[in-house]
Amino acid sequence: MLFRSSIVRLDPGPAGSGAGRTGGPATVAAPQVIATGFRNPWRISFDAAGDLWVGDVGASDWEEVDVLWAGPVGLEAGADFGWPIEEGAHCLAGIVCPSEGLRGPVAEYGHGPGTGCAVVGGAVYRGFRVPALRGDYVFGDYCTGRILAIPADASANAPATPLEVGRSVGGVAGFGVAPDGELYVA
């Protein structure tokens with residue numbers, strides 16, 4: 001059986017306070033559910049603009065990067081990113097693919113020799129040491145150690161092709177952001 005992963009908001013306030021429960025629209029299962037339709041969201045991060053970036057590990061063919069955009073009243077909520085109907089922007093084999101109401105990825109890459117097999121979400125680069133990456137979303141692949149980047153203004157209507165900007169010695173496990181905006185990879 002296939003299960004659909006979700007991203008939920010936690011209530012860090014005192015019991016019964018309702019703090020942090022500004023949740024999604026009535027179309028989601030609970031007000032704490034921000035988005036559904038992920039297979040395996042592996043590392044999420046908020047940008048300074050308030051956008052929520054998600055690296056979503058695919059099943060067999062495609063890795064994807066998804067975004068929930070910040071708006072004037074906070075993070076948009078209620079998006080369905082398509083799993084188990086789609087993997088990336090592609091229908092799963094043998095499934096009729098009604099993509100109406102599903103949100104596509106802002107970037108994807110296929111599995112294959114040297115390309116990768118498990119996306120690791122990163123962060124939007126706000127440092128100054130690598131000017132060419134400033135404002136790009138930087139992420140990686142666990143299997144190959146590839147470090148990739150896409151413009152932070154990519155959209156599901158025009159998904160970006162990830163550009164390889166480096167490689168780690170081993171697989172990429174995660175990213176950290178320093179107070180000065182520089183990124184670190186583990």
# chains A, B, ... in the order shown; residues from 1 in each chain; ligands from 1
$ residues_around --residues "segment 60-63 of chain A" --least-positions-apart "2" --cutoff "7 Å" --atoms "only C-alpha atoms" --output "VMD selection string"
chain A and resid 56 to 58 87 to 88 108 to 111 118 to 119
$ residues_around --residues "Tyr137 of chain A" --least-positions-apart "3" --cutoff "8 Å" --atoms "only C-alpha atoms" --output "PDB file with N, CA and C atoms, in the first residue's frame"
ATOM      1  N   GLY A 122      18.100  21.377   0.514  1.00  0.00           N
ATOM      2  CA  GLY A 122      19.130  22.299   0.970  1.00  0.00           C
ATOM      3  C   GLY A 122      18.553  23.607   1.460  1.00  0.00           C
ATOM      4  N   ALA A 123      19.063  24.719   0.928  1.00  0.00           N
ATOM      5  CA  ALA A 123      18.633  26.044   1.362  1.00  0.00           C
ATOM      6  C   ALA A 123      18.918  27.060   0.262  1.00  0.00           C
ATOM      7  N   VAL A 124      18.226  28.190   0.327  1.00  0.00           N
ATOM      8  CA  VAL A 124      18.524  29.293  -0.585  1.00  0.00           C
ATOM      9  C   VAL A 124      19.792  29.971  -0.070  1.00  0.00           C
ATOM     10  N   TYR A 125      20.770  30.114  -0.963  1.00  0.00           N
ATOM     11  CA  TYR A 125      22.073  30.673  -0.594  1.00  0.00           C
ATOM     12  C   TYR A 125      21.971  32.194  -0.464  1.00  0.00           C
ATOM     13  N   ALA A 149      22.090  23.349  -8.005  1.00  0.00           N
ATOM     14  CA  ALA A 149      21.456  24.642  -7.731  1.00  0.00           C
ATOM     15  C   ALA A 149      20.415  24.940  -8.799  1.00  0.00           C
ATOM     16  N   ILE A 150      19.371  25.661  -8.378  1.00  0.00           N
ATOM     17  CA  ILE A 150      18.359  26.184  -9.289  1.00  0.00           C
ATOM     18  C   ILE A 150      18.046  27.610  -8.858  1.00  0.00           C
ATOM     19  N   PRO A 151      17.570  28.446  -9.776  1.00  0.00           N
ATOM     20  CA  PRO A 151      17.160  29.793  -9.369  1.00  0.00           C
ATOM     21  C   PRO A 151      15.995  29.714  -8.386  1.00  0.00           C
ATOM     22  N   ALA A 152      16.020  30.538  -7.363  1.00  0.00           N
ATOM     23  CA  ALA A 152      14.954  30.511  -6.355  1.00  0.00           C
ATOM     24  C   ALA A 152      13.629  31.008  -6.898  1.00  0.00           C
TER      25      ALA A 152
END
$ residues_around --residues "segment 160-174 of chain A" --least-positions-apart "3" --cutoff "8 Å" --atoms "only C-alpha atoms" --output "ChimeraX atom specification"
/A:43,106-109,120-122,140-151,154-155,185-186
$ atom_distance --atom1 "atom CA of Asn157 of chain A" --atom2 "atom CA of Gly104 of chain A"
7.7 Å
$ residues_around --residues "Gly50 of chain A" --least-positions-apart "5" --cutoff "9 Å" --atoms "only C-alpha atoms" --output "VMD selection string"
chain A and resid 69 to 71 74 to 75
$ residues_around --residues "Leu68 of chain A" --least-positions-apart "6" --cutoff "7 Å" --atoms "only C-alpha atoms" --output "list in words"
Asp51, Leu52, Trp53, Leu75 and Glu76 of chain A
$ closest_residue --among "A:Glu64, A:Glu100, A:Asp136, A:Glu86" --to "Asp47 of chain A" --atoms "only C-alpha atoms"
A:Asp136
$ closest_residue --among "A:Ala132, A:Leu102, A:Cys117, A:Leu183" --to "Gly78 of chain A" --atoms "only C-alpha atoms"
A:Leu102
$ residues_around --residues "Ile7 of chain A" --least-positions-apart "2" --cutoff "8 Å" --atoms "only C-alpha atoms" --output "PDB file with N, CA, C and O atoms, in the first residue's frame"
ATOM      1  N   SER A   5       2.925  11.152   2.218  1.00  0.00           N
ATOM      2  CA  SER A   5       3.522  11.945   3.288  1.00  0.00           C
ATOM      3  C   SER A   5       2.967  13.355   3.265  1.00  0.00           C
ATOM      4  O   SER A   5       2.601  13.882   2.224  1.00  0.00           O
ATOM      5  N   ARG A   9       2.315  21.370  10.663  1.00  0.00           N
ATOM      6  CA  ARG A   9       2.782  22.430  11.561  1.00  0.00           C
ATOM      7  C   ARG A   9       2.563  21.957  12.988  1.00  0.00           C
ATOM      8  O   ARG A   9       1.484  21.471  13.331  1.00  0.00           O
ATOM      9  N   VAL A  33      -2.063  20.334   8.855  1.00  0.00           N
ATOM     10  CA  VAL A  33      -1.483  19.821   7.614  1.00  0.00           C
ATOM     11  C   VAL A  33      -1.270  20.988   6.658  1.00  0.00           C
ATOM     12  O   VAL A  33      -2.209  21.667   6.279  1.00  0.00           O
ATOM     13  N   ILE A  34      -0.024  21.203   6.272  1.00  0.00           N
ATOM     14  CA  ILE A  34       0.323  22.289   5.368  1.00  0.00           C
ATOM     15  C   ILE A  34       0.257  21.833   3.917  1.00  0.00           C
ATOM     16  O   ILE A  34      -0.223  22.538   3.056  1.00  0.00           O
ATOM     17  N   ALA A  35       0.763  20.631   3.620  1.00  0.00           N
ATOM     18  CA  ALA A  35       0.761  20.106   2.257  1.00  0.00           C
ATOM     19  C   ALA A  35       0.824  18.589   2.299  1.00  0.00           C
ATOM     20  O   ALA A  35       1.347  18.008   3.248  1.00  0.00           O
ATOM     21  N   THR A  36       0.303  17.964   1.239  1.00  0.00           N
ATOM     22  CA  THR A  36       0.302  16.511   1.119  1.00  0.00           C
ATOM     23  C   THR A  36       0.903  16.115  -0.229  1.00  0.00           C
ATOM     24  O   THR A  36       1.284  16.966  -1.024  1.00  0.00           O
TER      25      THR A  36
END
$ residues_around --residues "Val96 of chain A" --least-positions-apart "3" --cutoff "10 Å" --atoms "only C-alpha atoms" --output "PDB file with C-alpha atoms, in the first residue's frame"
ATOM      1  CA  ILE A  85      -0.151   9.654  -8.834  1.00  0.00           C
ATOM      2  CA  GLU A  86       2.981  11.400 -10.074  1.00  0.00           C
ATOM      3  CA  CYS A  91       2.784   9.809 -14.197  1.00  0.00           C
ATOM      4  CA  LEU A  92       3.665   6.617 -12.394  1.00  0.00           C
ATOM      5  CA  ALA A  93       3.670   3.588 -14.708  1.00  0.00           C
ATOM      6  CA  SER A  99      -3.036  15.966 -12.687  1.00  0.00           C
TER       7      SER A  99
END
$ atom_distance --atom1 "atom CA of Pro105 of chain A" --atom2 "atom CA of Gly82 of chain A"
9.5 Å
$ closest_residue --among "A:Ala77, A:His90, A:Pro72, A:Gly127" --to "Ala59 of chain A" --atoms "only C-alpha atoms"
A:His90
$ atom_distance --atom1 "atom CA of Arg103 of chain A" --atom2 "atom CA of Ala79 of chain A"
6.5 Å
$ closest_residue --among "A:Ala49, A:Ala156, A:Val67, A:Val130" --to "Ala89 of chain A" --atoms "only C-alpha atoms"
A:Ala156
$ closest_residue --among "A:Phe139, A:Gly176, A:Cys97, A:Gly112" --to "Trp42 of chain A" --atoms "only C-alpha atoms"
A:Phe139
